[in-house]
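Below is model-v4.cif, which holds mmCIF, C-alpha atoms.
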```
data_coords
#
loop_
_atom_site.label_atom_id
_atom_site.label_comp_id
_atom_site.auth_asym_id
_atom_site.auth_seq_id
_atom_site.Cartn_x
_atom_site.Cartn_y
_atom_site.Cartn_z
CA MET B 294 -121.46 -177.87 4.18
CA ARG B 295 -120.68 -180.50 6.83
CA VAL B 296 -122.30 -179.35 10.06
CA LEU B 297 -121.79 -180.79 13.53
CA VAL B 298 -124.79 -180.03 15.75
CA LEU B 299 -124.12 -180.57 19.45
CA HIS B 300 -127.16 -180.84 21.67
CA ALA B 301 -127.29 -180.97 25.47
CA HIS B 302 -130.76 -181.32 26.98
CA PRO B 303 -131.82 -184.49 28.79
CA ASN B 304 -135.53 -184.30 27.92
CA PRO B 305 -136.63 -185.21 24.39
CA GLU B 306 -139.96 -183.46 25.05
CA SER B 307 -138.33 -180.13 26.01
CA TYR B 308 -138.47 -176.90 24.02
CA ASN B 309 -134.70 -177.13 23.69
CA ALA B 310 -134.94 -180.59 22.10
CA ALA B 311 -137.55 -179.19 19.71
CA LEU B 312 -135.06 -176.48 18.73
CA PHE B 313 -132.44 -179.19 18.11
CA ARG B 314 -134.78 -181.13 15.80
CA LEU B 315 -135.72 -177.91 14.04
CA VAL B 316 -132.06 -177.04 13.43
CA VAL B 317 -131.16 -180.53 12.19
CA GLY B 318 -134.24 -180.73 9.95
CA GLY B 319 -133.68 -177.22 8.58
CA LEU B 320 -130.04 -177.86 7.76
CA ARG B 321 -130.81 -181.16 6.03
CA ALA B 322 -133.56 -179.50 4.02
CA GLY B 323 -131.01 -176.88 3.01
CA GLY B 324 -128.77 -179.58 1.54
CA HIS B 325 -126.17 -179.66 4.33
CA GLU B 326 -124.55 -182.83 5.53
CA VAL B 327 -125.52 -182.94 9.20
CA ASP B 328 -123.93 -184.85 12.07
CA ALA B 329 -126.58 -184.60 14.78
CA CYS B 330 -124.91 -185.27 18.13
CA ASP B 331 -127.34 -185.52 21.02
CA LEU B 332 -124.94 -185.85 23.95
CA HIS B 333 -127.53 -187.30 26.35
CA ALA B 334 -128.86 -189.80 23.79
CA GLU B 335 -125.29 -190.89 23.05
CA ASP B 336 -124.62 -191.17 26.79
CA PHE B 337 -121.54 -188.95 26.51
CA GLN B 338 -119.37 -189.12 29.65
CA PRO B 339 -118.27 -185.57 30.50
CA VAL B 340 -115.80 -186.26 33.29
CA LEU B 341 -112.12 -185.94 32.37
CA SER B 342 -110.51 -188.90 34.08
CA ARG B 343 -107.26 -189.06 35.97
CA ALA B 344 -105.61 -190.95 33.07
CA GLU B 345 -106.83 -188.34 30.58
CA ARG B 346 -105.48 -185.51 32.74
CA VAL B 347 -102.08 -187.21 33.03
CA GLY B 348 -101.91 -187.76 29.26
CA TYR B 349 -103.57 -184.46 28.32
CA HIS B 350 -100.57 -182.96 26.51
CA ALA B 351 -99.39 -186.16 24.79
CA ILE B 352 -100.27 -185.52 21.14
CA PRO B 353 -101.69 -187.58 19.42
CA ALA B 354 -102.25 -190.27 22.10
CA ASN B 355 -104.44 -187.84 24.08
CA ARG B 356 -107.27 -188.26 21.54
CA SER B 357 -107.58 -192.02 21.89
CA PRO B 358 -110.22 -192.05 24.70
CA VAL B 359 -112.50 -189.81 22.58
CA GLU B 360 -111.24 -190.63 19.07
CA ALA B 361 -114.71 -190.85 17.49
CA TYR B 362 -115.74 -187.43 18.82
CA VAL B 363 -112.45 -185.87 17.70
CA LYS B 364 -113.04 -187.17 14.15
CA ARG B 365 -116.56 -185.74 14.12
CA LEU B 366 -115.27 -182.36 15.29
CA GLU B 367 -112.44 -182.38 12.75
CA ALA B 368 -114.86 -183.22 9.92
CA ALA B 369 -117.02 -180.18 10.67
CA GLU B 370 -117.08 -177.05 8.50
CA ALA B 371 -119.76 -175.51 10.70
CA LEU B 372 -120.57 -176.00 14.37
CA VAL B 373 -123.99 -175.46 15.90
CA LEU B 374 -124.64 -175.70 19.65
CA VAL B 375 -128.18 -176.17 20.95
CA TYR B 376 -128.38 -176.17 24.76
CA PRO B 377 -130.01 -174.52 27.76
CA VAL B 378 -128.03 -172.12 29.94
CA TRP B 379 -128.04 -173.53 33.46
CA ASN B 380 -126.59 -171.56 36.36
CA PHE B 381 -125.02 -169.12 33.92
CA GLY B 382 -123.03 -171.78 32.11
CA PHE B 383 -123.13 -174.81 29.84
CA PRO B 384 -124.79 -177.96 31.19
CA ALA B 385 -122.04 -180.24 32.57
CA ILE B 386 -122.41 -182.69 29.68
CA LEU B 387 -121.51 -179.94 27.18
CA LYS B 388 -118.80 -178.46 29.39
CA GLY B 389 -117.29 -181.94 29.53
CA PHE B 390 -117.26 -182.13 25.73
CA LEU B 391 -114.88 -179.17 25.83
CA ASP B 392 -112.84 -180.64 28.68
CA ARG B 393 -112.40 -184.01 26.98
CA VAL B 394 -112.61 -183.42 23.21
CA PHE B 395 -111.26 -179.87 22.73
CA LEU B 396 -107.74 -181.20 23.30
CA PRO B 397 -104.29 -179.88 22.52
CA GLY B 398 -103.58 -180.92 18.92
CA VAL B 399 -107.33 -180.91 18.20
CA SER B 400 -108.92 -177.55 18.93
CA PHE B 401 -105.76 -175.68 19.90
CA ARG B 402 -102.00 -175.96 19.69
CA ILE B 403 -99.38 -174.69 22.07
CA VAL B 404 -96.58 -172.84 20.27
CA ASP B 405 -93.76 -171.44 22.42
CA GLY B 406 -95.99 -171.63 25.48
CA LEU B 407 -98.81 -169.70 23.81
CA VAL B 408 -102.17 -171.11 22.82
CA ARG B 409 -103.02 -171.00 19.09
CA PRO B 410 -106.44 -171.80 17.63
CA ASN B 411 -106.74 -175.02 15.63
CA LEU B 412 -110.34 -175.18 14.43
CA GLN B 413 -109.84 -173.09 11.27
CA HIS B 414 -111.74 -175.74 9.30
CA ILE B 415 -114.88 -174.38 10.99
CA SER B 416 -116.09 -171.24 9.23
CA ARG B 417 -119.57 -170.93 10.76
CA LEU B 418 -120.51 -171.02 14.43
CA VAL B 419 -124.11 -170.80 15.60
CA VAL B 420 -125.35 -170.91 19.19
CA VAL B 421 -129.02 -171.57 19.90
CA THR B 422 -129.76 -171.30 23.59
CA THR B 423 -132.39 -170.62 26.24
CA TYR B 424 -132.01 -168.81 29.57
CA GLY B 425 -134.40 -169.22 32.51
CA GLY B 426 -133.91 -165.63 33.64
CA PRO B 427 -134.36 -162.30 31.87
CA ARG B 428 -131.60 -160.67 29.86
CA TRP B 429 -131.02 -157.89 32.43
CA ARG B 430 -130.25 -160.50 35.05
CA ALA B 431 -127.79 -162.30 32.77
CA PHE B 432 -126.31 -158.88 31.97
CA LEU B 433 -125.77 -158.11 35.67
CA VAL B 434 -123.93 -161.39 36.12
CA GLY B 435 -121.90 -160.58 32.99
CA ASP B 436 -123.58 -163.25 30.83
CA PRO B 437 -120.65 -165.71 31.07
CA PRO B 438 -121.99 -168.24 28.52
CA ARG B 439 -122.41 -165.47 25.93
CA ARG B 440 -118.89 -164.23 26.59
CA PHE B 441 -117.57 -167.77 26.34
CA ALA B 442 -119.22 -168.40 22.97
CA THR B 443 -118.64 -165.02 21.35
CA ARG B 444 -115.06 -164.65 22.57
CA VAL B 445 -113.46 -168.01 23.39
CA LEU B 446 -115.18 -170.25 20.81
CA ARG B 447 -115.15 -167.46 18.22
CA ALA B 448 -111.36 -167.18 18.64
CA LEU B 449 -110.84 -170.89 17.89
CA ILE B 450 -112.49 -171.02 14.45
CA LYS B 451 -111.48 -169.57 11.07
CA PRO B 452 -110.48 -165.91 11.59
CA ALA B 453 -112.99 -164.58 9.02
CA GLY B 454 -115.65 -167.10 10.10
CA LYS B 455 -119.13 -165.95 10.99
CA MET B 456 -120.86 -166.38 14.31
CA ARG B 457 -124.49 -166.03 15.37
CA TYR B 458 -125.65 -166.07 18.99
CA LEU B 459 -129.38 -166.71 19.26
CA ALA B 460 -130.86 -166.68 22.75
CA HIS B 461 -134.36 -166.85 24.16
CA TYR B 462 -134.07 -165.19 27.58
CA ASP B 463 -136.62 -165.39 30.39
CA MET B 464 -137.89 -168.88 29.54
CA ASN B 465 -139.50 -169.10 33.00
CA ARG B 466 -141.96 -166.44 31.90
CA SER B 467 -142.04 -167.23 28.19
CA THR B 468 -145.26 -167.31 26.17
CA ASP B 469 -146.38 -169.24 23.10
CA ALA B 470 -145.77 -166.03 21.15
CA SER B 471 -142.21 -165.54 22.41
CA ARG B 472 -141.36 -169.19 21.78
CA SER B 473 -142.73 -169.16 18.25
CA ALA B 474 -140.97 -165.88 17.50
CA PHE B 475 -137.69 -167.47 18.59
CA ILE B 476 -138.37 -170.54 16.45
CA GLY B 477 -138.79 -168.16 13.50
CA GLU B 478 -135.47 -166.53 14.30
CA VAL B 479 -133.71 -169.90 14.50
CA LYS B 480 -135.29 -171.09 11.23
CA ALA B 481 -134.10 -167.95 9.47
CA ALA B 482 -130.55 -168.33 10.82
CA VAL B 483 -130.45 -171.99 9.75
CA ALA B 484 -131.68 -171.09 6.25
CA ARG B 485 -128.92 -168.50 5.91
CA LEU B 486 -126.05 -170.76 7.01
CA MET A 102 -117.41 -169.65 61.00
CA ARG A 103 -118.58 -172.82 59.26
CA VAL A 104 -116.81 -173.42 55.95
CA LEU A 105 -117.66 -175.80 53.12
CA VAL A 106 -114.78 -176.54 50.75
CA VAL A 107 -115.75 -177.99 47.38
CA TYR A 108 -112.73 -179.51 45.70
CA CYS A 109 -112.48 -180.78 42.13
CA HIS A 110 -109.40 -182.34 40.54
CA PRO A 111 -108.84 -185.89 39.25
CA CYS A 112 -105.20 -186.22 40.39
CA GLU A 113 -104.15 -186.55 44.00
CA GLU A 114 -100.55 -185.54 43.12
CA SER A 115 -101.71 -182.30 41.45
CA PHE A 116 -100.90 -178.77 42.57
CA ASN A 117 -104.63 -178.34 43.16
CA ALA A 118 -104.40 -181.04 45.86
CA SER A 119 -101.66 -178.99 47.53
CA VAL A 120 -103.88 -175.93 47.35
CA ARG A 121 -106.71 -177.89 48.96
CA ASN A 122 -104.39 -179.07 51.75
CA ALA A 123 -103.08 -175.54 52.36
CA ALA A 124 -106.66 -174.27 52.48
CA LEU A 125 -107.81 -176.94 54.94
CA GLU A 126 -104.78 -176.36 57.19
CA ALA A 127 -105.32 -172.62 57.26
CA LEU A 128 -109.02 -173.05 58.05
CA ALA A 129 -108.26 -175.50 60.87
CA THR A 130 -105.57 -173.22 62.34
CA ALA A 131 -108.03 -170.33 62.30
CA GLY A 132 -110.42 -172.49 64.32
CA TYR A 133 -113.14 -172.72 61.68
CA GLU A 134 -115.39 -175.73 61.46
CA THR A 135 -114.76 -177.21 58.05
CA ARG A 136 -116.36 -179.78 55.75
CA LEU A 137 -114.83 -181.03 52.51
CA VAL A 138 -116.68 -182.24 49.44
CA ASP A 139 -114.21 -183.96 47.09
CA LEU A 140 -116.19 -184.41 43.88
CA TYR A 141 -113.86 -186.82 42.07
CA ALA A 142 -113.05 -188.92 45.14
CA SER A 143 -116.72 -189.28 46.03
CA GLY A 144 -117.65 -190.25 42.46
CA PHE A 145 -120.17 -187.46 42.07
CA GLU A 146 -122.42 -187.86 38.98
CA PRO A 147 -122.47 -184.46 37.27
CA VAL A 148 -125.06 -185.13 34.57
CA LEU A 149 -128.60 -183.97 35.24
CA THR A 150 -130.67 -186.85 33.89
CA ALA A 151 -134.05 -186.74 32.18
CA ASP A 152 -135.70 -188.07 35.36
CA GLN A 153 -134.03 -185.37 37.50
CA ARG A 154 -134.94 -182.71 34.96
CA ARG A 155 -138.61 -183.75 35.06
CA ARG A 156 -138.79 -183.31 38.86
CA TYR A 157 -136.46 -180.27 38.87
CA HIS A 158 -139.29 -177.87 39.69
CA THR A 159 -141.09 -180.05 42.24
CA PRO A 160 -140.27 -178.95 45.81
CA GLY A 161 -139.03 -181.84 47.92
CA ASP A 162 -139.01 -184.34 45.10
CA ASN A 163 -136.20 -182.44 43.40
CA GLU A 164 -134.02 -182.95 46.52
CA ARG A 165 -133.93 -186.74 46.15
CA GLY A 166 -130.38 -188.02 45.75
CA ILE A 167 -128.64 -184.78 46.71
CA GLU A 168 -129.84 -184.44 50.32
CA GLU A 169 -126.31 -184.57 51.69
CA HIS A 170 -125.10 -181.74 49.43
CA LEU A 171 -128.08 -179.57 50.33
CA ALA A 172 -127.44 -180.19 54.03
CA HIS A 173 -123.87 -178.93 53.55
CA LEU A 174 -125.15 -175.79 51.79
CA ARG A 175 -127.68 -175.09 54.56
CA TRP A 176 -124.99 -175.61 57.20
CA CYS A 177 -122.16 -173.45 55.89
CA GLU A 178 -121.51 -169.72 56.24
CA ALA A 179 -118.66 -169.67 53.73
CA LEU A 180 -118.40 -171.66 50.51
CA ILE A 181 -114.94 -172.11 49.01
CA PHE A 182 -114.17 -173.73 45.66
CA VAL A 183 -110.75 -175.20 44.83
CA TYR A 184 -110.42 -176.30 41.20
CA PRO A 185 -108.49 -175.90 37.96
CA THR A 186 -110.01 -173.59 35.35
CA TRP A 187 -110.51 -175.64 32.17
CA TRP A 188 -111.88 -173.88 29.10
CA TYR A 189 -112.45 -170.68 31.05
CA GLY A 190 -114.67 -172.30 33.62
CA PRO A 191 -115.03 -175.03 36.22
CA PRO A 192 -114.49 -178.65 35.08
CA ALA A 193 -117.67 -180.48 33.98
CA MET A 194 -117.65 -182.28 37.34
CA LEU A 195 -117.97 -179.01 39.26
CA LYS A 196 -120.37 -177.46 36.74
CA GLY A 197 -122.55 -180.53 37.20
CA TRP A 198 -122.55 -179.97 40.95
CA LEU A 199 -124.13 -176.57 40.26
CA ASP A 200 -126.60 -178.10 37.77
CA ARG A 201 -127.72 -180.82 40.15
CA VAL A 202 -127.46 -179.25 43.62
CA TRP A 203 -128.42 -175.59 43.05
CA ILE A 204 -132.07 -176.41 42.44
CA PRO A 205 -135.20 -174.26 42.76
CA HIS A 206 -137.02 -173.95 46.11
CA ALA A 207 -134.07 -175.47 48.03
CA THR A 208 -131.46 -172.92 46.91
CA PHE A 209 -133.52 -170.11 45.33
CA GLY A 210 -137.14 -169.12 44.85
CA MET A 211 -138.45 -169.26 41.30
CA PRO A 212 -139.29 -165.87 39.80
CA GLU A 213 -142.95 -165.07 39.31
CA ARG A 214 -144.45 -162.50 37.00
CA ASN A 215 -143.01 -159.11 37.99
CA LYS A 216 -141.22 -160.69 40.94
CA PRO A 217 -137.58 -161.65 40.60
CA ILE A 218 -135.82 -164.74 41.85
CA THR A 219 -135.63 -164.87 45.68
CA ARG A 220 -132.72 -165.74 47.94
CA VAL A 221 -132.93 -168.86 50.09
CA LEU A 222 -129.38 -169.67 51.23
CA THR A 223 -128.95 -166.45 53.19
CA ASN A 224 -126.74 -168.34 55.65
CA ILE A 225 -123.92 -168.17 53.07
CA ARG A 226 -122.20 -164.81 53.41
CA THR A 227 -118.86 -165.51 51.73
CA ILE A 228 -118.07 -167.30 48.48
CA GLY A 229 -114.50 -167.80 47.33
CA ALA A 230 -112.95 -169.37 44.27
CA ILE A 231 -109.35 -170.57 44.29
CA SER A 232 -108.29 -171.65 40.84
CA THR A 233 -105.30 -172.34 38.61
CA LEU A 234 -105.44 -171.10 35.04
CA GLY A 235 -103.33 -171.77 31.96
CA SER A 236 -104.03 -168.37 30.43
CA PRO A 237 -102.30 -165.08 31.24
CA ARG A 238 -104.34 -162.68 33.36
CA TRP A 239 -104.83 -160.10 30.57
CA TRP A 240 -106.18 -162.71 28.14
CA TRP A 241 -108.53 -164.10 30.82
CA TRP A 242 -109.98 -160.60 31.20
CA ILE A 243 -110.31 -160.05 27.44
CA MET A 244 -112.24 -163.32 27.27
CA GLY A 245 -114.48 -161.93 30.00
CA ALA A 246 -113.48 -164.18 32.93
CA PRO A 247 -116.54 -166.41 32.40
CA GLY A 248 -115.82 -169.02 35.09
CA ARG A 249 -115.34 -166.40 37.75
CA ARG A 250 -118.68 -164.80 36.84
CA THR A 251 -120.52 -168.14 36.83
CA LEU A 252 -119.29 -169.18 40.27
CA LEU A 253 -118.92 -165.92 42.18
CA THR A 254 -121.45 -163.53 40.69
CA GLY A 255 -123.95 -166.18 39.64
CA LEU A 256 -124.10 -167.84 43.07
CA SER A 257 -123.67 -164.78 45.30
CA VAL A 258 -126.96 -163.30 44.02
CA LEU A 259 -128.67 -166.36 45.53
CA CYS A 260 -126.98 -166.12 48.95
CA ALA A 261 -126.93 -163.49 51.74
CA PRO A 262 -127.80 -159.98 50.46
CA ARG A 263 -124.33 -158.64 51.25
CA CYS A 264 -122.54 -161.84 50.33
CA ARG A 265 -118.82 -161.21 49.88
CA THR A 266 -116.83 -162.90 47.16
CA PHE A 267 -113.13 -163.39 46.60
CA TRP A 268 -111.07 -164.81 43.78
CA LEU A 269 -107.54 -166.17 44.02
CA GLY A 270 -106.23 -167.16 40.60
CA LEU A 271 -102.80 -168.50 39.70
CA HIS A 272 -102.33 -167.64 36.03
CA GLN A 273 -99.99 -169.22 33.45
CA MET A 274 -99.88 -172.27 35.62
CA ASP A 275 -97.92 -174.25 33.01
CA GLN A 276 -95.02 -171.79 33.06
CA SER A 277 -95.09 -171.06 36.80
CA SER A 278 -91.97 -171.50 38.92
CA ASP A 279 -91.64 -173.27 42.28
CA GLY A 280 -91.33 -169.84 43.89
CA GLU A 281 -94.52 -168.54 42.31
CA ARG A 282 -96.46 -171.61 43.37
CA ALA A 283 -95.12 -171.40 46.94
CA ALA A 284 -96.06 -167.70 47.08
CA TYR A 285 -99.53 -168.57 45.82
CA LEU A 286 -100.01 -171.21 48.53
CA GLN A 287 -98.98 -168.59 51.07
CA LYS A 288 -101.55 -166.21 49.64
CA VAL A 289 -104.24 -168.91 49.94
CA ARG A 290 -103.30 -169.57 53.57
CA GLY A 291 -103.35 -165.85 54.38
CA LYS A 292 -106.76 -165.34 52.83
CA LEU A 293 -108.38 -168.32 54.55
CA ALA A 294 -106.89 -167.47 57.95
CA SER A 295 -109.29 -164.55 58.30
CA LEU A 296 -112.56 -165.07 56.52
CA THR A 297 -115.26 -162.49 57.08
#
```
What would the structure in this file look like if it were written as structure tokens?
Amino acid sequence: MRVLVLHAHPNPESYNAALFRLVVGGLRAGGHEVDACDLHAEDFQPVLSRAERVGYHAIPANRSPVEAYVKRLEAAEALVLVYPVWNFGFPAILKGFLDRVFLPGVSFRIVDGLVRPNLQHISRLVVVTTYGGPRWRAFLVGDPPRRFATRVLRALIKPAGKMRYLAHYDMNRSTDASRSAFIGEVKAAVARL
Amino acid sequence: MRVLVVYCHPCEESFNASVRNAALEALATAGYETRLVDLYASGFEPVLTADQRRRYHTPGDNERGIEEHLAHLRWCEALIFVYPTWWYGPPAMLKGWLDRVWIPHATFGMPERNKPITRVLTNIRTIGAISTLGSPRWWWWIMGAPGRRTLLTGLSVLCAPRCRTFWLGLHQMDQSSDGERAAYLQKVRGKLASLT
């Protein structure tokens, strides 16, 4: 399977970056063709410019500023996101990937004024993420990044596609044991893709 | 009342710019002291870099480069966002403002074992989000209104204990009529004329 792995943590020595390497290594060992996209390492620019906003709905010219990323997304049969939850959302660099690359004509189409999903070529979606705070706190806020992934992203891919949401909550008070247990969980999910 | 308006849109001719102007006019008429942060116009850098991440938890050192934004947060009593909802949340530019400016020690106390996160910016007692959305209201709710939760709920738990929040959303922006947009601007003016 061709898998696009999107990663959004600035520090190569972070736990999150270790999870990214684990996912990429595990998928390759499983025989998958992996496109490992480390947004910070690739110096991805997340800000949708004025020109991009003006030309947002002009299909297919709207893809030209981010053509290479559009091709990588369109080539994917599975999508894996590895990122930390910051302030109950995606880091800006990952949010900007949605703003700039998930364009009309790429990830969705507008038919009679209604939005239709356009990523049916993706049949597997896996989220690997870490939260600073405990799960109850995320729950009280409504866990917006979980809702976004399990509802919005889930709705864009193949209707019968499978989704896994793997989260290590309470990183601020995590232990070696909790971190290794999560690594085990991620390894297992990668092996089953 | 001291009000900080954080505005985020790349196009000066956009409807969001009209919303910002209506908001600023209403605040001035009401006699509030107002400051504006225009993220695009000021060329704000939304990406938290490796260097910033490494000093993220160091009090004082983590404030380098964002002193001005922190001063605004410590000054204001109301914080108002004006922005378009893109992909069910704030644009990357505005999300990056949260990532970079809402840092530990300066804006909240880190949780310790058995002790939760603590509030620091208790001067902020109102947070409002004014946003245009492409989606219909019912679909926004089925998707769980993530952007609203991130900005209003997520930040209000770090501000004054009884911090109020309000949300003014204009849905199905792409199909809206002149009349609907004018009515929405009127609603924005009305709300900002009497902040509590």
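The gap separating CA of Val202 in chain A from CA of Ala460 in chain B is 24.6 Å, in Å to one decimal.
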Return as a ChimeraX atom specification the residues belonging to chain B that are within 6 Å of chain A, counting only C-alpha atoms.
/B:303-304,340,343,381,385,388-389,434,437,444
Would you mind listing what lies within 10 Å of range 348-365 of chain B as a PDB file with C-alpha atoms, keeping the file's coordinate frame, with all atoms listed in the file counted and same-chain residues fewer than 3 positions away left out?
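Result written to selection_18.pdb:
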```
ATOM      1  CA  ARG B 295    -120.680-180.500   6.830  1.00  0.00           C
ATOM      2  CA  VAL B 296    -122.300-179.350  10.060  1.00  0.00           C
ATOM      3  CA  LEU B 297    -121.790-180.790  13.530  1.00  0.00           C
ATOM      4  CA  ASP B 328    -123.930-184.850  12.070  1.00  0.00           C
ATOM      5  CA  CYS B 330    -124.910-185.270  18.130  1.00  0.00           C
ATOM      6  CA  PHE B 337    -121.540-188.950  26.510  1.00  0.00           C
ATOM      7  CA  GLN B 338    -119.370-189.120  29.650  1.00  0.00           C
ATOM      8  CA  LEU B 341    -112.120-185.940  32.370  1.00  0.00           C
ATOM      9  CA  SER B 342    -110.510-188.900  34.080  1.00  0.00           C
ATOM     10  CA  ARG B 343    -107.260-189.060  35.970  1.00  0.00           C
ATOM     11  CA  ALA B 344    -105.610-190.950  33.070  1.00  0.00           C
ATOM     12  CA  GLU B 345    -106.830-188.340  30.580  1.00  0.00           C
ATOM     13  CA  ALA B 368    -114.860-183.220   9.920  1.00  0.00           C
ATOM     14  CA  ALA B 369    -117.020-180.180  10.670  1.00  0.00           C
ATOM     15  CA  PHE B 390    -117.260-182.130  25.730  1.00  0.00           C
ATOM     16  CA  ARG B 393    -112.400-184.010  26.980  1.00  0.00           C
ATOM     17  CA  VAL B 394    -112.610-183.420  23.210  1.00  0.00           C
ATOM     18  CA  PHE B 395    -111.260-179.870  22.730  1.00  0.00           C
ATOM     19  CA  LEU B 396    -107.740-181.200  23.300  1.00  0.00           C
ATOM     20  CA  PRO B 397    -104.290-179.880  22.520  1.00  0.00           C
ATOM     21  CA  GLY B 398    -103.580-180.920  18.920  1.00  0.00           C
ATOM     22  CA  VAL B 399    -107.330-180.910  18.200  1.00  0.00           C
ATOM     23  CA  SER B 400    -108.920-177.550  18.930  1.00  0.00           C
ATOM     24  CA  ARG B 402    -102.000-175.960  19.690  1.00  0.00           C
ATOM     25  CA  ILE B 403     -99.380-174.690  22.070  1.00  0.00           C
TER      26      ILE B 403
END
```
*Give me the result of the PyMOL selection byres ((chain B and resi 448) around 10) on this file, residue by residue, as a list in words.*
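Output from the PyMOL selection byres ((chain B and resi 448) around 10), applied to this file: Arg409, Pro410, Asn411, Leu412, Gln413, Phe441, Ala442, Thr443, Arg444, Val445, Leu446, Arg447, Leu449, Ile450, Lys451, Pro452 and Gly454 of chain B; Met244 of chain A.
Selection result for the displayed file, with the PyMOL selection byres ((chain B and resi 376) around 6) as criterion, is His300, Ala301, Val375, Pro377 and Thr422 of chain B.
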Could those selected residues go to a file with C-alpha atoms, as a PDB file, in the frame of the given file?
```
ATOM      1  CA  HIS B 300    -127.160-180.840  21.670  1.00  0.00           C
ATOM      2  CA  ALA B 301    -127.290-180.970  25.470  1.00  0.00           C
ATOM      3  CA  VAL B 375    -128.180-176.170  20.950  1.00  0.00           C
ATOM      4  CA  PRO B 377    -130.010-174.520  27.760  1.00  0.00           C
ATOM      5  CA  THR B 422    -129.760-171.300  23.590  1.00  0.00           C
TER       6      THR B 422
END
```
One residue among A:Leu105, A:Ile225, A:Leu171, A:Leu125 is nearest to Cys264 in chain A when using all atoms listed in the file, and that residue is A:Ile225
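For the pair CA of Ala123 in chain A and CA of Met102 in chain A, the interatomic distance is 17.7 Å.
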Checklist entry - Care to translate the PyMOL selection byres ((chain B and resi 475) around 12) into actual residues of this file, as number ranges by chain? => result B: 308-309, 311-312, 315, 421-423, 459-462, 464, 467-474, 476-482
Mind listing as a VMD selection string all residues within 10 Å of (-115.1, -176.8, 53.2), counting only C-alpha atoms? chain A and resid 103 to 108 121 124 to 125 128 133 to 139 173 177 179 to 183
For the structure just given, write the atoms of range 370-385 of chain B, namely N, CA and C atoms, as a CSV table (one decimal), in the first residue's frame.
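The file below, result17.csv, is the result:
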```
chain,number,residue,atom,x,y,z
B,370,GLU,N,-2.7,5.8,-0.7
B,370,GLU,CA,-3.8,4.8,-0.4
B,370,GLU,C,-4.1,4.8,1.0
B,371,ALA,N,-3.2,5.2,1.8
B,371,ALA,CA,-3.4,5.3,3.3
B,371,ALA,C,-2.7,6.6,3.8
B,372,LEU,N,-3.3,7.2,4.8
B,372,LEU,CA,-2.8,8.5,5.3
B,372,LEU,C,-2.6,8.3,6.8
B,373,VAL,N,-1.3,8.6,7.3
B,373,VAL,CA,-1.0,8.5,8.7
B,373,VAL,C,-0.6,9.9,9.2
B,374,LEU,N,-1.1,10.4,10.2
B,374,LEU,CA,-0.7,11.7,10.8
B,374,LEU,C,0.0,11.4,12.1
B,375,VAL,N,1.2,12.0,12.3
B,375,VAL,CA,1.9,11.9,13.6
B,375,VAL,C,2.2,13.3,14.1
B,376,TYR,N,1.6,13.7,15.1
B,376,TYR,CA,1.7,15.1,15.6
B,376,TYR,C,1.3,15.3,17.0
B,377,PRO,N,1.8,16.3,17.7
B,377,PRO,CA,1.3,16.6,19.0
B,377,PRO,C,0.1,17.5,19.0
B,378,VAL,N,-0.8,17.3,19.9
B,378,VAL,CA,-1.9,18.3,20.1
B,378,VAL,C,-1.4,19.4,20.9
B,379,TRP,N,-1.6,20.6,20.3
B,379,TRP,CA,-1.2,21.9,21.0
B,379,TRP,C,-2.4,22.7,21.1
B,380,ASN,N,-2.6,23.2,22.3
B,380,ASN,CA,-3.8,24.1,22.5
B,380,ASN,C,-5.1,23.5,21.9
B,381,PHE,N,-5.3,22.3,22.1
B,381,PHE,CA,-6.5,21.6,21.6
B,381,PHE,C,-6.7,21.7,20.1
B,382,GLY,N,-5.6,21.6,19.4
B,382,GLY,CA,-5.7,21.6,17.9
B,382,GLY,C,-4.4,21.1,17.3
B,383,PHE,N,-4.4,21.1,15.9
B,383,PHE,CA,-3.2,20.7,15.2
B,383,PHE,C,-2.1,21.8,15.4
B,384,PRO,N,-0.8,21.5,15.4
B,384,PRO,CA,0.2,22.6,15.2
B,384,PRO,C,-0.1,23.3,13.9
B,385,ALA,N,0.2,24.6,13.9
B,385,ALA,CA,-0.1,25.5,12.8
B,385,ALA,C,0.5,24.9,11.5
```
